[in-house]
>>> print(open('input_34.tsv').read())   # TSV, C-alpha atoms
chain	number	residue	atom	x	y	z
B	1	MET	CA	37.29	45.68	34.78
B	2	ARG	CA	38.86	44.23	31.73
B	3	THR	CA	39.36	40.84	33.42
B	4	ARG	CA	35.78	40.76	34.54
B	5	GLY	CA	34.53	41.46	31.01
B	6	CYS	CA	36.77	38.74	29.64
B	7	CYS	CA	35.42	36.22	32.16
B	8	VAL	CA	31.85	37.16	31.36
B	9	ALA	CA	32.54	36.72	27.64
B	10	LEU	CA	34.19	33.32	28.16
B	11	LEU	CA	31.53	31.97	30.53
B	12	PRO	CA	29.10	30.85	27.76
B	13	LEU	CA	31.94	29.13	25.92
B	14	LEU	CA	33.04	27.32	29.06
B	15	LEU	CA	29.48	26.23	29.75
B	16	LEU	CA	29.07	24.94	26.22
B	17	ALA	CA	32.36	23.09	26.37
B	18	GLY	CA	31.22	21.32	29.52
B	19	CYS	CA	27.92	20.21	27.99
B	20	LYS	CA	27.88	16.86	26.32
B	21	THR	CA	25.53	16.58	23.41
B	22	ALA	CA	24.08	13.23	22.57
B	23	ALA	CA	25.37	11.75	19.37
B	24	PRO	CA	22.70	11.63	16.70
B	25	ALA	CA	20.95	8.30	16.52
B	26	PRO	CA	22.16	6.19	13.63
B	27	PRO	CA	19.63	5.86	10.83
B	28	PRO	CA	17.60	2.66	10.99
B	29	ALA	CA	18.96	-0.19	8.95
B	30	ASP	CA	17.47	-0.40	5.48
B	31	GLN	CA	14.87	-3.16	5.72
B	32	SER	CA	13.41	-2.84	2.24
B	33	ALA	CA	15.08	-5.98	0.86
B	34	GLN	CA	13.61	-8.06	3.69
B	35	VAL	CA	10.13	-6.73	3.00
B	36	ILE	CA	9.83	-7.42	-0.73
B	37	ASP	CA	9.16	-11.17	-0.49
B	38	ALA	CA	6.65	-10.70	2.34
B	39	VAL	CA	4.72	-8.07	0.39
B	40	LYS	CA	4.72	-10.17	-2.80
B	41	ALA	CA	3.32	-13.06	-0.76
B	42	ALA	CA	0.62	-10.81	0.75
B	43	ASP	CA	-0.31	-9.53	-2.73
B	44	GLN	CA	-0.55	-13.08	-4.09
B	45	ALA	CA	-2.65	-14.22	-1.11
B	46	TRP	CA	-5.01	-11.28	-1.69
B	47	GLU	CA	-5.33	-12.23	-5.38
B	48	LYS	CA	-6.09	-15.83	-4.44
B	49	ALA	CA	-8.77	-14.75	-1.94
B	50	PHE	CA	-10.37	-12.28	-4.34
B	51	ALA	CA	-10.28	-14.60	-7.37
B	52	GLY	CA	-11.68	-17.40	-5.19
B	53	ARG	CA	-14.53	-15.11	-4.06
B	54	ASP	CA	-13.48	-15.48	-0.43
B	55	THR	CA	-15.06	-12.22	0.66
B	56	THR	CA	-13.93	-12.47	4.27
B	57	ALA	CA	-10.26	-13.00	3.38
B	58	ALA	CA	-10.35	-10.47	0.54
B	59	VAL	CA	-11.80	-7.74	2.76
B	60	ASP	CA	-9.51	-8.71	5.66
B	61	ALA	CA	-6.49	-8.07	3.41
B	62	VAL	CA	-7.40	-4.37	3.53
B	63	GLU	CA	-6.91	-2.24	6.63
B	64	ALA	CA	-10.19	-1.40	8.38
B	65	SER	CA	-9.80	2.23	7.27
B	66	GLY	CA	-8.24	1.37	3.90
B	67	SER	CA	-9.61	2.40	0.53
B	68	VAL	CA	-10.09	0.85	-2.90
B	69	LEU	CA	-10.27	3.17	-5.89
B	70	ALA	CA	-12.04	1.19	-8.60
B	71	PRO	CA	-12.92	2.80	-11.93
B	72	ASN	CA	-16.35	4.28	-12.52
B	73	VAL	CA	-17.50	4.10	-8.88
B	74	PRO	CA	-16.95	6.23	-5.78
B	75	ILE	CA	-14.03	5.46	-3.47
B	76	ALA	CA	-14.76	2.52	-1.18
B	77	THR	CA	-13.32	3.23	2.28
B	78	GLY	CA	-13.72	0.90	5.23
B	79	SER	CA	-14.56	-2.77	5.44
B	80	GLU	CA	-18.29	-2.52	4.69
B	81	ALA	CA	-17.87	-0.30	1.63
B	82	ILE	CA	-15.13	-2.58	0.32
B	83	ARG	CA	-17.26	-5.67	0.97
B	84	THR	CA	-20.06	-4.06	-1.09
B	85	LEU	CA	-17.63	-3.16	-3.89
B	86	PHE	CA	-16.24	-6.70	-4.00
B	87	ALA	CA	-19.77	-8.15	-4.01
B	88	GLY	CA	-20.42	-6.14	-7.17
B	89	PHE	CA	-17.45	-7.77	-8.86
B	90	TYR	CA	-18.50	-11.22	-7.66
B	91	ALA	CA	-21.96	-10.63	-9.15
B	92	LEU	CA	-20.51	-10.30	-12.65
B	93	PRO	CA	-21.45	-13.51	-14.52
B	94	GLY	CA	-18.42	-15.69	-15.21
B	95	MET	CA	-16.06	-13.28	-13.45
B	96	THR	CA	-12.42	-14.34	-13.30
B	97	ILE	CA	-9.42	-12.22	-12.44
B	98	ASP	CA	-5.70	-12.63	-12.46
B	99	TRP	CA	-3.14	-10.05	-11.50
B	100	GLU	CA	0.62	-10.07	-11.57
B	101	VAL	CA	3.07	-8.07	-9.48
B	102	LYS	CA	5.59	-6.35	-11.73
B	103	GLU	CA	7.36	-4.24	-9.10
B	104	VAL	CA	7.63	-3.99	-5.32
B	105	GLN	CA	9.22	-1.06	-3.55
B	106	ALA	CA	9.56	-0.77	0.21
B	107	SER	CA	10.41	2.00	2.61
B	108	SER	CA	13.83	1.74	4.21
B	109	SER	CA	12.13	1.50	7.61
B	110	GLY	CA	10.32	-1.64	6.44
B	111	ASP	CA	6.82	-0.54	7.46
B	112	MET	CA	5.38	0.60	4.10
B	113	ALA	CA	5.53	-0.85	0.60
B	114	MET	CA	4.04	-0.42	-2.84
B	115	THR	CA	3.19	-2.99	-5.46
B	116	ARG	CA	2.53	-2.22	-9.09
B	117	GLY	CA	1.30	-4.65	-11.69
B	118	THR	CA	-1.16	-5.67	-14.33
B	119	TYR	CA	-4.49	-7.47	-14.24
B	120	GLN	CA	-6.91	-9.26	-16.53
B	121	LEU	CA	-10.58	-9.34	-15.61
B	122	THR	CA	-13.02	-11.45	-17.62
B	123	PHE	CA	-16.80	-11.60	-17.27
B	124	ASN	CA	-19.86	-12.18	-19.43
B	125	ASP	CA	-21.92	-9.28	-20.74
B	126	PRO	CA	-25.75	-9.40	-20.55
B	127	LYS	CA	-25.84	-11.44	-23.79
B	128	GLY	CA	-23.35	-13.97	-22.41
B	129	LYS	CA	-20.46	-12.73	-24.54
B	130	PRO	CA	-17.09	-12.69	-22.71
B	131	VAL	CA	-15.67	-9.26	-21.94
B	132	VAL	CA	-11.93	-9.12	-21.30
B	133	ASP	CA	-10.54	-6.10	-19.50
B	134	GLN	CA	-6.81	-5.60	-19.06
B	135	GLY	CA	-5.30	-2.88	-16.94
B	136	LYS	CA	-2.85	-1.86	-14.27
B	137	TYR	CA	-2.87	-1.32	-10.54
B	138	ALA	CA	-0.89	0.26	-7.74
B	139	THR	CA	-1.31	-0.80	-4.13
B	140	VAL	CA	0.10	0.74	-0.96
B	141	TRP	CA	0.75	-1.76	1.83
B	142	ARG	CA	1.38	-1.11	5.53
B	143	LYS	CA	2.90	-3.52	8.02
B	144	GLN	CA	0.59	-4.18	10.94
B	145	ALA	CA	1.57	-4.50	14.61
B	146	ASP	CA	1.21	-8.28	14.31
B	147	GLY	CA	3.66	-8.36	11.36
B	148	ARG	CA	1.03	-8.93	8.66
B	149	TRP	CA	0.87	-6.72	5.59
B	150	LYS	CA	-2.46	-5.07	4.72
B	151	VAL	CA	-3.64	-2.84	1.93
B	152	LEU	CA	-3.88	0.82	2.82
B	153	LEU	CA	-4.83	2.00	-0.67
B	154	ASP	CA	-5.51	0.14	-3.92
B	155	ALA	CA	-6.17	1.83	-7.26
B	156	PHE	CA	-6.68	0.22	-10.65
B	157	ASN	CA	-7.91	1.13	-14.11
B	158	SER	CA	-8.37	-0.30	-17.56
B	159	ASP	CA	-6.02	-0.05	-20.52
B	160	LEU	CA	-8.99	-0.42	-22.89
B	161	PRO	CA	-10.27	2.67	-24.69
B	162	LEU	CA	-13.65	4.03	-23.69
B	163	PRO	CA	-16.50	2.73	-25.85
B	164	GLY	CA	-16.90	4.95	-28.91
B	165	SER	CA	-13.31	6.24	-28.73
>>> encode(input="input_34.tsv", output="structure tokens")
Amino acid sequence: MRTRGCCVALLPLLLLAGCKTAAPAPPPADQSAQVIDAVKAADQAWEKAFAGRDTTAAVDAVEASGSVLAPNVPIATGSEAIRTLFAGFYALPGMTIDWEVKEVQASSSGDMAMTRGTYQLTFNDPKGKPVVDQGKYATVWRKQADGRWKVLLDAFNSDLPLPGS
């Protein structure tokens, strides 16, 4: 009886010893360094398209379901809403814009990245007087199946105080 009990107790251990467990998969290689230049280039191309009022290219830089969070207006999500938002900027008399990437961070998997920077937007008020707005932005980028980088989310706001502050 004692032998039988011992065998029954050892059976699970013997079964476990005979099982081979798969070694854990190694973590993916950190691809963030490879991504930084590509994302900077995508950001600069988007700036060039937007500043040049190339609506098609500017909207195409954003994923079809992406969003732009501009100040003082509702969130623009999707290509048509973003096209309408951009048209509003383009309608500003004398509108010019420049932005500069200050930082790029990328996921170790190499499929997501973030840019952060500053911008300067200039336009003419209703009396023709130039208005200069300076601010900051943060943009989340996602690598597409075709290898291109597109904006998933862009948010920006002014550094200027509110009028009357």
>>> residues_around(input="input_34.tsv", residues="stretch 53-57 of chain B", least_positions_apart="6", cutoff="10 Å", atoms="only C-alpha atoms", output="PyMOL selection string")
chain B and resi 45-47+79+82-84+86-87+89-90+95-96
>>> closest_residue(input="input_34.tsv", among="B:Val59, B:Lys48, B:Lys150, B:Gly88", to="B:Val73", atoms="all atoms listed in the file")
B:Gly88
>>> atom_distance(input="input_34.tsv", atom1="atom CA of B:Lys40", atom2="atom CA of B:Thr118")
13.7 Å
>>> closest_residue(input="input_34.tsv", among="B:Asp111, B:Glu100, B:Glu80, B:Asp146", to="B:Asp43", atoms="all atoms listed in the file")
B:Glu100
>>> atom_distance(input="input_34.tsv", atom1="atom CA of B:Ala106", atom2="atom CA of B:Trp149")
11.8 Å
>>> closest_residue(input="input_34.tsv", among="B:Ala76, B:Phe50, B:Ala61, B:Lys143", to="B:Leu121", atoms="only C-alpha atoms")
B:Phe50
>>> residues_around(input="input_34.tsv", residues="B:Pro161", least_positions_apart="2", cutoff="12 Å", atoms="all atoms listed in the file", output="list of chain:residue names")
B:Asp133, B:Gln134, B:Gly135, B:Asn157, B:Ser158, B:Asp159, B:Pro163, B:Gly164, B:Ser165
>>> closest_residue(input="input_34.tsv", among="B:Ile97, B:Val39, B:Pro130, B:Thr77", to="B:Arg116", atoms="only C-alpha atoms")
B:Val39
